[in-house]
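Following: one structure in structure tokens, then a few remarks.
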Amino acid sequence: MSKRMGTEEAVQSFVKDGMLLTFSGNALHRAPMSFIREIVRQEKKQLEVAKTAAALDVDLLCAFGLVSTVHAGFVSYESEYGLAQHYRKAVEAGTVTGNEHACYTVICALRGAVMNVPFMPVHGLKYGDLLVENDYFMVVENPFAEAEGKPAESVTLVKTLRPDLAVIHAQVCDEDGNTIIEGAQYEDILISRAANKVIVTAETVVPAGRLIQRKDRIDIPGFLVDAVVHIPNGASPCSCEGKYEASEKDIKRFIEADNKEELHAWVDSYERKDRARNSLSYKGGLGAWR
Amino acid sequence: MSKRMGTEEAVQSFVKDGMLLTFSGNALHRAPMSFIREIVRQEKKQLEVAKTAAALDVDLLCAFGLVSTVHAGFVSYESEYGLAQHYRKAVEAGTVTGNEHACYTVICALRGAVMNVPFMPVHGLKYGDLLVENDYFMVVENPFAEAEGKPAESVTLVKTLRPDLAVIHAQVCDEDGNTIIEGAQYEDILISRAANKVIVTAETVVPAGRLIQRKDRIDIPGFLVDAVVHIPNGASPCSCEGKYEASEKDIKRFIEADNKEELHAWVDSYERKDRARNSLSYKGGLGAWR
Amino acid sequence: MAMINGGRVPGNREWETGDLMTCVIARLLKDKETVFHGVSSHMPMVAMQLAKALHAPDLVHLNIPGGVNPDSLRDVSYSSAGPELVRRGESYFSLADIFDLSMRGKLDVAFLGGVQFDAKGNVNASAIGPYKKPKVRLPGGAGSAVLIPTAKKAIIWRTKHDKRTFVEDVDFVTTRGNLWKIVTPLCVFGYKNGRVVLDAIHPNITFEQVQEATGFALKNENILVTEAPTKEELALLRRIDLKNLRSVEFK
Amino acid sequence: MAMINGGRVPGNREWETGDLMTCVIARLLKDKETVFHGVSSHMPMVAMQLAKALHAPDLVHLNIPGGVNPDSLRDVSYSSAGPELVRRGESYFSLADIFDLSMRGKLDVAFLGGVQFDAKGNVNASAIGPYKKPKVRLPGGAGSAVLIPTAKKAIIWRTKHDKRTFVEDVDFVTTRGNLWKIVTPLCVFGYKNGRVVLDAIHPNITFEQVQEATGFALKNENILVTEAPTKEELALLRRIDLKNLRSVEFK
């Protein structure tokens with residue numbers, strides 16, 4: 001029972017207006033860009049995004065006004081690429097709520113979803129205005145200290161973030177969804193457990209069972225995965241370890257687009273690649289898909 | 001800077017009376033038995049042990065009266081080997097406190113230590129006398145629901161368990177402590193983060209850097225490990241995946257020992273093997289240590 | 001009763017009680033369900049493999065060592081939590097992962113044990129007598145206390161059916177919750193409106209025999225008779241479970 | 001000031017400000033310490049490699065992608081959080097693991113950024129103007145809000161030293177805590193008794209220049225002069241950091 005589907009179908013079936021989404025990767029590395037561009041094409045709206053450190057993924061959705069709230073520790077390009085201007089301007093204009101977290105409180109809030117509890121205690125978030133300004137942080141007393149007659153002890157809680165959908169771009173998976181992430185995994189294992197539904201987009205999709213000889217490298221067992229989408233270059237212009245580096249040219253082309261037309265042209269320029277589907281890249285022979 | 005030491009030295013240096021210990025493996029699989037027998041020889045006392053599912057490890061320490069409290073979801077042999085009689089009798093006699101957890105609440109209590117928070121919320125522990133009888137569980141109201149004017153929502157908390165020492169028996173590590181656990185990992189990765197100190201006992205110890213070609217299989221990075229002890233057969237008579245099965249004969253020999261003398265004789269029979277030390281098994285050549 | 005609790009059931013030569021119980025359990029499992037068993041759980045482990053071979057090829061077999069869908073039980077010996085389940089598995093999903101999955105409401109079936117069960121569906125795996133000064137300290141509920149409340153369906157199997165096991169009130173409530181079925185050598189109990197009820201009686205067993213072995217009152221209403229193991233089931237069982245692990249608890 | 005904030009410092013031809021700052025940072029690190037840097041952190045990343053090559057061979061280099069002790073920065077380009085750090089690493093330790101480590105008090109040094117810093121050691125990485133309706137929305141503090149309070153020593157480096165960066169009071173307190181040093185193109189600040197103080201001034205820089213570029217009052221007491229990069233340091237720097245990543249923020 002293959003879980004394969006095309007990019008268009010996957011976005012149609014799994015992304016609804018108002019959903020809380022979460023994406024693989026970190027900054028300009030291994031974000032599921034093809035899937036996100038398809039969200040733009042299908043104009044899904046009022047989306048929320050939770051991610052430790054976002055960049056082009058969130059900035060693109062903000063550029064098209066599709067985001068209502070971002071829960072993140074960091075939203076920016078790195079060094080030479082500068083700030084995420086669409087995100088920045090949307091927050092400044094008040095059209096996007098920028099819920100600032102420490103990256104770790106995003107992790108803790110997602111752990112809350114993994115464990116299905118409404119909050120997670122966080123050591124370390126002790127001082128400052130983030131605690132004052134945000135209602136998703138709360139400071140309580142440790143009830144065990146109280147019960148044991150010990151000195152009062154404050155504990156910060158972060159409210160759980162429960163993503164409706166995690167979209168993870170990986171190097172390889174099989175048709176059942178068994179997925180291998182090569183190199184840095186960032187928070188991808190966590191989000192594969194935290195989200196209600198999981199879609200894997202992959203550089204290579206192999207027939208079910210073909211990963212058995214690398215099974216101790218499988219990071220996400222297939223039964224957690226709801227759909228598999230085969231998209232070579234699906235992270236580009238972000239990097240994908242072992243496959244390609246970030247494309248400076250294409251990132252700059254996005255950053256320098258200064259009107260809707262140029263932004264649309266940027267998204268359109270990927271359309272054929274993003275939607276090329278179901279062309280099973282496995283051609284037989286062990287190692288052919290490595 | 002090798003972290004290697006012998007079994008005697010490791011127990012002398014790292015185990016103090018009254019400590020909370022935690023061990024690798026599950027039931028009769030990959031418990032660090034050589035290290036535990038050395039604890040018996042050195043008569044460390046008033047120990048606490050935290051483990052999801054314990055068997056011979058805890059039963060042996062209880063047989064010698066070295067344990068004050070056990071925090072576990074399950075303490076028993078499997079099927080044909082019957083109950084952990086020394087543990088059972090000690091709890092019945094009141095000399096050992098058997099703090100019953102669900103296995104998951106041990107995991108959550110250890111997650112609390114990993115995150116350095118005093119408690120962890122646990123979904124699922126909702127009913128029954130464990131909540132009533134044990135002061136390490138507590139039911140509170142979700143303060144976020146309260147703040148948002150939503151209906152009251154009860155949340156169970158488990159008090160954090162902070163092990164002073166984790167002892168992990170693994171198939172292979174290097175002299176810096178980089179450790180590979182083959183096959184089932186049980187809660188070993190968790191305890192390597194939860195405990196204040198970590199000792200790895202290993203079937204094979206290789207020179208620093210020799211694991212570089214299997215680095216994506218390293219489960220515990222060396223900097224988390226305080227000492228490395230080379231003990232071939234260090235889990236026996238429990239099993240060690242890829243190396244040996246559980247020894248029915250030797251387990252039965254322990255279970256059937258019905259006085260102190262026979263118990264001592266059982267521990268003594270392992271002494272030479274348990275303490276054989278620092279005989280670096282690596283003899284050169286890639287793969288020689290596999 | 002020794003015959004029924006153990007070896008061959010009166011009136012047939014084709015199967016033993018362990019075979020019957022294993023088939024009954026297998027029939028309770030559906031395709032694509034996520035199903036977990038713990039330690040000392042050979043019978044459910046074999047039943048899961050049987051269900052996969054029969055009607056549930058995409059059932060997801062989860063276990064303590066973490067081997068997802070072990071393809072064979074050939075290497076299994078005394079333990080149902082041994083590393084061979086990982087060796088034979090198709091991927092790895094740790095015990096902590098499995099618990100979290102159940103907490104999220106995504107574990108369909110959990111197989112759990114216990115020592116005492118009462119008419120209200122309470123399970124005791126902790127102690128006989130007072131918890132803090134027990135007459136008998138039991139092994140503990142392992143995962144039960146969080147899995148019975150969260151798994152969609154909790155199935156309990158017992159190879160002993162007597163008045164010490166099925167009691168009016170348990171000494172200690174380790175847990176209760178989504179109890180769905182209890183499979184014994186005599187019958188299958190269900191759980192309705194907060195009461196344990198008799199769903200089905202095994203072949204050649206009478207209502208009176210079940211009532212006699214049960215410490216709380218049962219109603220003789222709408223009770224089915226368990227279908228005996230089919231030839232196909234028995235043939236598969238012998239192939240899947242060469243060592244007769246399913247009956248290890250009767251030995 | 002452009003010269004000082006950027007390229008070659010008046011009075012020497014051997015090194016640039018980026019070299020000096022990198023050496024200053026490297027000298028702050030001790031052997032066996034666990035040290036973390038995040039995104040956009042090329043200078044600390046190079047400094048950690050320099051320290052390892054010089055006096056801290058067993059320093060543990062931790063980073064966002066999770067590569068422990070990458071053996072070279074050869075593959076690194078625009079990013080200090082790229083997968084090449086894992087490719088070049090000796091083992092893997094995820095970002096979540098690193099945060100947990102710091103929570104447990106076992107992270108010795110964290111390198112963190114920010115946009116505004118004030119005399120009390122408050123850090124702003126969040127917003128200029130009101131948080132909920134900001135004049136400028138900044139990228140966010142990333143890990144700072146939990147790392148500055150928990151790492152044993154938090155080191156901040158800034159390649160800009162001006163009155164917009166070092167202010168009397170920050171617009172928004174993203175965090176404060178175990179601030180230990182701030183390294184700038186002009187000086188090294190320390191943090192004592194809840195106040196940012198001037199520890200050392202770089203070669204060829206005067207107290208007046210530092211005060212002029214700083215938005216809060218400094219005391220001209222017990223101030224050291226930073227030692228210029230040594231020949232050995234410079235030689236190693238060139239070998240470790242072929243692409244001059246350490247100065248990327250000056251470009």
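Chain labels run A, B, ... following the order of the structure tokens; each chain numbers its residues from 1, and ligands are numbered from 1 in the order shown.
Contact shell of segment 53-58 of chain C at 6 Å (only C-alpha atoms; same-chain neighbours under 5 positions omitted): Lys30, Asp31 and Lys32 of chain C.
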Find the residues of chain A in contact range of chain C, meaning any atom within 12 Å when counting only C-alpha atoms, and list them as a PDB file with N, CA, C and O atoms, in the first residue's frame.
ATOM      1  N   MET A   1       0.828  -1.199   0.000  1.00  0.00           N
ATOM      2  CA  MET A   1       0.000   0.000   0.000  1.00  0.00           C
ATOM      3  C   MET A   1       0.867   1.254   0.000  1.00  0.00           C
ATOM      4  O   MET A   1       1.273   1.738   1.036  1.00  0.00           O
ATOM      5  N   SER A   2       1.173   1.729  -1.178  1.00  0.00           N
ATOM      6  CA  SER A   2       2.044   2.898  -1.288  1.00  0.00           C
ATOM      7  C   SER A   2       1.334   4.147  -0.784  1.00  0.00           C
ATOM      8  O   SER A   2       0.132   4.315  -0.954  1.00  0.00           O
ATOM      9  N   ARG A 111       7.646  19.068  22.441  1.00  0.00           N
ATOM     10  CA  ARG A 111       7.693  17.886  23.317  1.00  0.00           C
ATOM     11  C   ARG A 111       6.354  17.726  24.036  1.00  0.00           C
ATOM     12  O   ARG A 111       5.900  16.597  24.273  1.00  0.00           O
ATOM     13  N   GLY A 112       5.748  18.833  24.384  1.00  0.00           N
ATOM     14  CA  GLY A 112       4.416  18.766  24.996  1.00  0.00           C
ATOM     15  C   GLY A 112       3.425  18.068  24.090  1.00  0.00           C
ATOM     16  O   GLY A 112       2.579  17.292  24.551  1.00  0.00           O
ATOM     17  N   ALA A 113       3.521  18.342  22.788  1.00  0.00           N
ATOM     18  CA  ALA A 113       2.635  17.676  21.827  1.00  0.00           C
ATOM     19  C   ALA A 113       2.971  16.195  21.710  1.00  0.00           C
ATOM     20  O   ALA A 113       2.081  15.346  21.644  1.00  0.00           O
ATOM     21  N   VAL A 114       4.257  15.873  21.693  1.00  0.00           N
ATOM     22  CA  VAL A 114       4.673  14.469  21.615  1.00  0.00           C
ATOM     23  C   VAL A 114       4.076  13.684  22.784  1.00  0.00           C
ATOM     24  O   VAL A 114       3.606  12.558  22.627  1.00  0.00           O
ATOM     25  N   MET A 115       4.071  14.300  23.953  1.00  0.00           N
ATOM     26  CA  MET A 115       3.624  13.619  25.170  1.00  0.00           C
ATOM     27  C   MET A 115       2.148  13.873  25.458  1.00  0.00           C
ATOM     28  O   MET A 115       1.624  13.381  26.453  1.00  0.00           O
ATOM     29  N   ASN A 116       1.514  14.664  24.608  1.00  0.00           N
ATOM     30  CA  ASN A 116       0.105  15.016  24.789  1.00  0.00           C
ATOM     31  C   ASN A 116      -0.205  15.575  26.172  1.00  0.00           C
ATOM     32  O   ASN A 116      -1.119  15.115  26.865  1.00  0.00           O
ATOM     33  N   VAL A 117       0.568  16.546  26.549  1.00  0.00           N
ATOM     34  CA  VAL A 117       0.307  17.284  27.788  1.00  0.00           C
ATOM     35  C   VAL A 117       0.162  18.769  27.428  1.00  0.00           C
ATOM     36  O   VAL A 117       0.678  19.202  26.397  1.00  0.00           O
ATOM     37  N   PRO A 118      -0.548  19.533  28.233  1.00  0.00           N
ATOM     38  CA  PRO A 118      -0.861  20.910  27.814  1.00  0.00           C
ATOM     39  C   PRO A 118       0.277  21.910  27.995  1.00  0.00           C
ATOM     40  O   PRO A 118       0.200  23.020  27.475  1.00  0.00           O
ATOM     41  N   ARG A 162       0.820  22.185  19.164  1.00  0.00           N
ATOM     42  CA  ARG A 162       0.454  20.904  18.541  1.00  0.00           C
ATOM     43  C   ARG A 162       0.292  21.099  17.047  1.00  0.00           C
ATOM     44  O   ARG A 162      -0.784  21.459  16.573  1.00  0.00           O
ATOM     45  N   ASP A 174      11.046   5.135   1.711  1.00  0.00           N
ATOM     46  CA  ASP A 174      10.407   4.129   0.866  1.00  0.00           C
ATOM     47  C   ASP A 174       8.915   4.449   0.740  1.00  0.00           C
ATOM     48  O   ASP A 174       8.419   5.400   1.353  1.00  0.00           O
ATOM     49  N   ASP A 176       6.386   3.144   1.911  1.00  0.00           N
ATOM     50  CA  ASP A 176       5.628   3.061   3.162  1.00  0.00           C
ATOM     51  C   ASP A 176       5.902   4.245   4.081  1.00  0.00           C
ATOM     52  O   ASP A 176       5.264   4.377   5.126  1.00  0.00           O
ATOM     53  N   GLY A 177       6.895   5.050   3.720  1.00  0.00           N
ATOM     54  CA  GLY A 177       7.198   6.212   4.542  1.00  0.00           C
ATOM     55  C   GLY A 177       8.409   6.056   5.441  1.00  0.00           C
ATOM     56  O   GLY A 177       8.791   6.998   6.136  1.00  0.00           O
ATOM     57  N   ASN A 178       9.034   4.885   5.469  1.00  0.00           N
ATOM     58  CA  ASN A 178      10.274   4.732   6.244  1.00  0.00           C
ATOM     59  C   ASN A 178      11.306   5.717   5.703  1.00  0.00           C
ATOM     60  O   ASN A 178      11.619   5.687   4.513  1.00  0.00           O
ATOM     61  N   THR A 179      11.820   6.562   6.584  1.00  0.00           N
ATOM     62  CA  THR A 179      12.578   7.725   6.115  1.00  0.00           C
ATOM     63  C   THR A 179      13.956   7.809   6.755  1.00  0.00           C
ATOM     64  O   THR A 179      14.093   7.650   7.966  1.00  0.00           O
ATOM     65  N   ILE A 180      14.938   8.083   5.921  1.00  0.00           N
ATOM     66  CA  ILE A 180      16.308   8.307   6.390  1.00  0.00           C
ATOM     67  C   ILE A 180      16.688   9.766   6.158  1.00  0.00           C
ATOM     68  O   ILE A 180      16.569  10.267   5.045  1.00  0.00           O
ATOM     69  N   ILE A 189      13.095  14.678  13.849  1.00  0.00           N
ATOM     70  CA  ILE A 189      12.554  13.495  14.535  1.00  0.00           C
ATOM     71  C   ILE A 189      11.454  13.959  15.492  1.00  0.00           C
ATOM     72  O   ILE A 189      10.374  13.369  15.560  1.00  0.00           O
ATOM     73  N   LEU A 190      11.746  15.018  16.197  1.00  0.00           N
ATOM     74  CA  LEU A 190      10.763  15.584  17.131  1.00  0.00           C
ATOM     75  C   LEU A 190       9.462  15.943  16.431  1.00  0.00           C
ATOM     76  O   LEU A 190       8.373  15.560  16.871  1.00  0.00           O
ATOM     77  N   SER A 192       8.277  14.845  13.692  1.00  0.00           N
ATOM     78  CA  SER A 192       7.593  13.668  13.139  1.00  0.00           C
ATOM     79  C   SER A 192       6.722  13.000  14.197  1.00  0.00           C
ATOM     80  O   SER A 192       5.788  12.275  13.874  1.00  0.00           O
ATOM     81  N   ARG A 193       7.046  13.217  15.464  1.00  0.00           N
ATOM     82  CA  ARG A 193       6.243  12.678  16.564  1.00  0.00           C
ATOM     83  C   ARG A 193       5.226  13.711  17.069  1.00  0.00           C
ATOM     84  O   ARG A 193       4.183  13.333  17.603  1.00  0.00           O
ATOM     85  N   ALA A 194       5.555  14.979  16.944  1.00  0.00           N
ATOM     86  CA  ALA A 194       4.695  16.016  17.542  1.00  0.00           C
ATOM     87  C   ALA A 194       3.462  16.312  16.709  1.00  0.00           C
ATOM     88  O   ALA A 194       2.413  16.670  17.246  1.00  0.00           O
ATOM     89  N   ALA A 195       3.576  16.163  15.390  1.00  0.00           N
ATOM     90  CA  ALA A 195       2.481  16.601  14.518  1.00  0.00           C
ATOM     91  C   ALA A 195       1.413  15.525  14.373  1.00  0.00           C
ATOM     92  O   ALA A 195       1.689  14.332  14.441  1.00  0.00           O
ATOM     93  N   ASN A 196       0.202  15.975  14.155  1.00  0.00           N
ATOM     94  CA  ASN A 196      -0.895  15.031  13.975  1.00  0.00           C
ATOM     95  C   ASN A 196      -0.742  14.244  12.674  1.00  0.00           C
ATOM     96  O   ASN A 196      -0.996  13.048  12.640  1.00  0.00           O
ATOM     97  N   LYS A 197      -0.347  14.919  11.598  1.00  0.00           N
ATOM     98  CA  LYS A 197      -0.092  14.236  10.325  1.00  0.00           C
ATOM     99  C   LYS A 197       1.338  14.551   9.881  1.00  0.00           C
ATOM    100  O   LYS A 197       1.855  15.628  10.176  1.00  0.00           O
ATOM    101  N   ALA A 208       8.789  -0.190  -1.240  1.00  0.00           N
ATOM    102  CA  ALA A 208       8.673  -0.651   0.145  1.00  0.00           C
ATOM    103  C   ALA A 208       9.663  -1.776   0.409  1.00  0.00           C
ATOM    104  O   ALA A 208       9.838  -2.675  -0.419  1.00  0.00           O
ATOM    105  N   GLY A 209      10.308  -1.715   1.546  1.00  0.00           N
ATOM    106  CA  GLY A 209      11.216  -2.789   1.948  1.00  0.00           C
ATOM    107  C   GLY A 209      12.643  -2.619   1.459  1.00  0.00           C
ATOM    108  O   GLY A 209      13.542  -3.317   1.927  1.00  0.00           O
ATOM    109  N   ARG A 210      12.872  -1.681   0.556  1.00  0.00           N
ATOM    110  CA  ARG A 210      14.210  -1.540  -0.023  1.00  0.00           C
ATOM    111  C   ARG A 210      15.232  -0.939   0.942  1.00  0.00           C
ATOM    112  O   ARG A 210      16.419  -0.925   0.659  1.00  0.00           O
ATOM    113  N   LEU A 211      14.745  -0.382   2.059  1.00  0.00           N
ATOM    114  CA  LEU A 211      15.688   0.217   3.002  1.00  0.00           C
ATOM    115  C   LEU A 211      16.117  -0.759   4.088  1.00  0.00           C
ATOM    116  O   LEU A 211      16.796  -0.379   5.035  1.00  0.00           O
ATOM    117  N   ILE A 212      15.722  -2.011   3.939  1.00  0.00           N
ATOM    118  CA  ILE A 212      15.925  -2.958   5.039  1.00  0.00           C
ATOM    119  C   ILE A 212      17.396  -3.101   5.412  1.00  0.00           C
ATOM    120  O   ILE A 212      17.737  -3.253   6.588  1.00  0.00           O
ATOM    121  N   GLN A 213      18.296  -2.977   4.429  1.00  0.00           N
ATOM    122  CA  GLN A 213      19.709  -3.122   4.780  1.00  0.00           C
ATOM    123  C   GLN A 213      20.296  -1.882   5.443  1.00  0.00           C
ATOM    124  O   GLN A 213      21.401  -1.914   5.954  1.00  0.00           O
ATOM    125  N   ARG A 214      19.546  -0.798   5.403  1.00  0.00           N
ATOM    126  CA  ARG A 214      19.974   0.397   6.126  1.00  0.00           C
ATOM    127  C   ARG A 214      18.989   0.696   7.255  1.00  0.00           C
ATOM    128  O   ARG A 214      18.828   1.840   7.671  1.00  0.00           O
ATOM    129  N   LYS A 215      18.309  -0.341   7.748  1.00  0.00           N
ATOM    130  CA  LYS A 215      17.205  -0.088   8.670  1.00  0.00           C
ATOM    131  C   LYS A 215      17.638   0.590   9.960  1.00  0.00           C
ATOM    132  O   LYS A 215      16.854   1.317  10.558  1.00  0.00           O
ATOM    133  N   ASP A 216      18.888   0.380  10.363  1.00  0.00           N
ATOM    134  CA  ASP A 216      19.298   1.056  11.602  1.00  0.00           C
ATOM    135  C   ASP A 216      19.583   2.541  11.366  1.00  0.00           C
ATOM    136  O   ASP A 216      19.928   3.266  12.290  1.00  0.00           O
ATOM    137  N   ARG A 217      19.401   2.992  10.138  1.00  0.00           N
ATOM    138  CA  ARG A 217      19.494   4.421   9.840  1.00  0.00           C
ATOM    139  C   ARG A 217      18.113   5.056   9.653  1.00  0.00           C
ATOM    140  O   ARG A 217      18.022   6.277   9.419  1.00  0.00           O
ATOM    141  N   ILE A 218      17.058   4.258   9.728  1.00  0.00           N
ATOM    142  CA  ILE A 218      15.715   4.828   9.540  1.00  0.00           C
ATOM    143  C   ILE A 218      15.356   5.684  10.747  1.00  0.00           C
ATOM    144  O   ILE A 218      15.385   5.223  11.887  1.00  0.00           O
ATOM    145  N   ASP A 219      15.024   6.938  10.488  1.00  0.00           N
ATOM    146  CA  ASP A 219      14.747   7.887  11.556  1.00  0.00           C
ATOM    147  C   ASP A 219      13.258   8.004  11.846  1.00  0.00           C
ATOM    148  O   ASP A 219      12.851   8.322  12.950  1.00  0.00           O
ATOM    149  N   ILE A 220      12.447   7.780  10.808  1.00  0.00           N
ATOM    150  CA  ILE A 220      11.001   7.888  10.972  1.00  0.00           C
ATOM    151  C   ILE A 220      10.395   6.599  10.429  1.00  0.00           C
ATOM    152  O   ILE A 220      10.457   6.341   9.226  1.00  0.00           O
ATOM    153  N   PRO A 221       9.819   5.765  11.306  1.00  0.00           N
ATOM    154  CA  PRO A 221       9.204   4.538  10.786  1.00  0.00           C
ATOM    155  C   PRO A 221       7.970   4.880   9.963  1.00  0.00           C
ATOM    156  O   PRO A 221       7.267   5.861  10.234  1.00  0.00           O
ATOM    157  N   GLY A 222       7.742   4.071   8.953  1.00  0.00           N
ATOM    158  CA  GLY A 222       6.692   4.359   7.983  1.00  0.00           C
ATOM    159  C   GLY A 222       5.308   4.569   8.576  1.00  0.00           C
ATOM    160  O   GLY A 222       4.548   5.403   8.072  1.00  0.00           O
ATOM    161  N   PHE A 223       4.984   3.874   9.637  1.00  0.00           N
ATOM    162  CA  PHE A 223       3.606   3.986  10.128  1.00  0.00           C
ATOM    163  C   PHE A 223       3.283   5.361  10.689  1.00  0.00           C
ATOM    164  O   PHE A 223       2.123   5.686  10.897  1.00  0.00           O
ATOM    165  N   LEU A 224       4.310   6.181  10.923  1.00  0.00           N
ATOM    166  CA  LEU A 224       4.063   7.560  11.366  1.00  0.00           C
ATOM    167  C   LEU A 224       3.784   8.501  10.191  1.00  0.00           C
ATOM    168  O   LEU A 224       3.386   9.644  10.399  1.00  0.00           O
TER     169      LEU A 224
END
Tell me which protein, DNA and RNA residues are within 6 Å of Arg195 of chain D, counting only C-alpha atoms, leaving out same-chain ones fewer than 2 positions away, and put them as a tab-separated table (two decimals) with N, CA and C atoms, in the first residue's frame.
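Saved as around.tsv:
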chain	number	residue	atom	x	y	z
D	119	ALA	N	23.76	48.73	29.95
D	119	ALA	CA	24.74	48.78	31.03
D	119	ALA	C	24.47	47.73	32.10
D	120	LYS	N	23.23	47.27	32.19
D	120	LYS	CA	22.90	46.26	33.22
D	120	LYS	C	23.09	44.84	32.70
D	191	TYR	N	31.46	41.76	33.00
D	191	TYR	CA	30.17	41.95	33.66
D	191	TYR	C	30.39	41.67	35.14
D	192	LYS	N	30.28	42.73	35.94
D	192	LYS	CA	30.55	42.56	37.38
D	192	LYS	C	29.49	43.25	38.20
D	193	ASN	N	28.99	42.56	39.20
D	193	ASN	CA	27.98	43.12	40.09
D	193	ASN	C	26.82	43.74	39.32
Practice task
Would you list, as an NGL selection string, the residues of segment 27-82 of chain D that end up in helix (DSSP H, G or I) under DSSP run on this structure's backbone?
Solution key: :D and (27-28 or 42-54)
Practice task
Using only C-alpha atoms, pick whichever of A:His230, A:Arg30, A:Lys45, A:His101 has the shortest atom-to-atom distance to Gly242 of chain A.
Solution key: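 Result for the nearest residue to Gly242 of chain A: A:Arg30.
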Exercise for the section: For chain B, work out the contacting residues on chain A at 8 Å, counting only C-alpha atoms, and write them as JSON, numbers by chain. Expected result: {"A": [115, 116, 117, 118, 119, 120, 121, 122, 123, 136, 138, 142, 144, 155, 159]}
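Residues of segment 55-149 of chain C that DSSP places in strand (DSSP E or B), based on the backbone of this structure, are Val60, His61, Leu62, Asn63, Gly67, Val68, Ser91, Tyr92, Val109, Ala110, Phe111, Leu112, Gln116, Phe117, Asp118, Val123, Asn124, Ala127, Ile128, Val136 and Arg137 of chain C.
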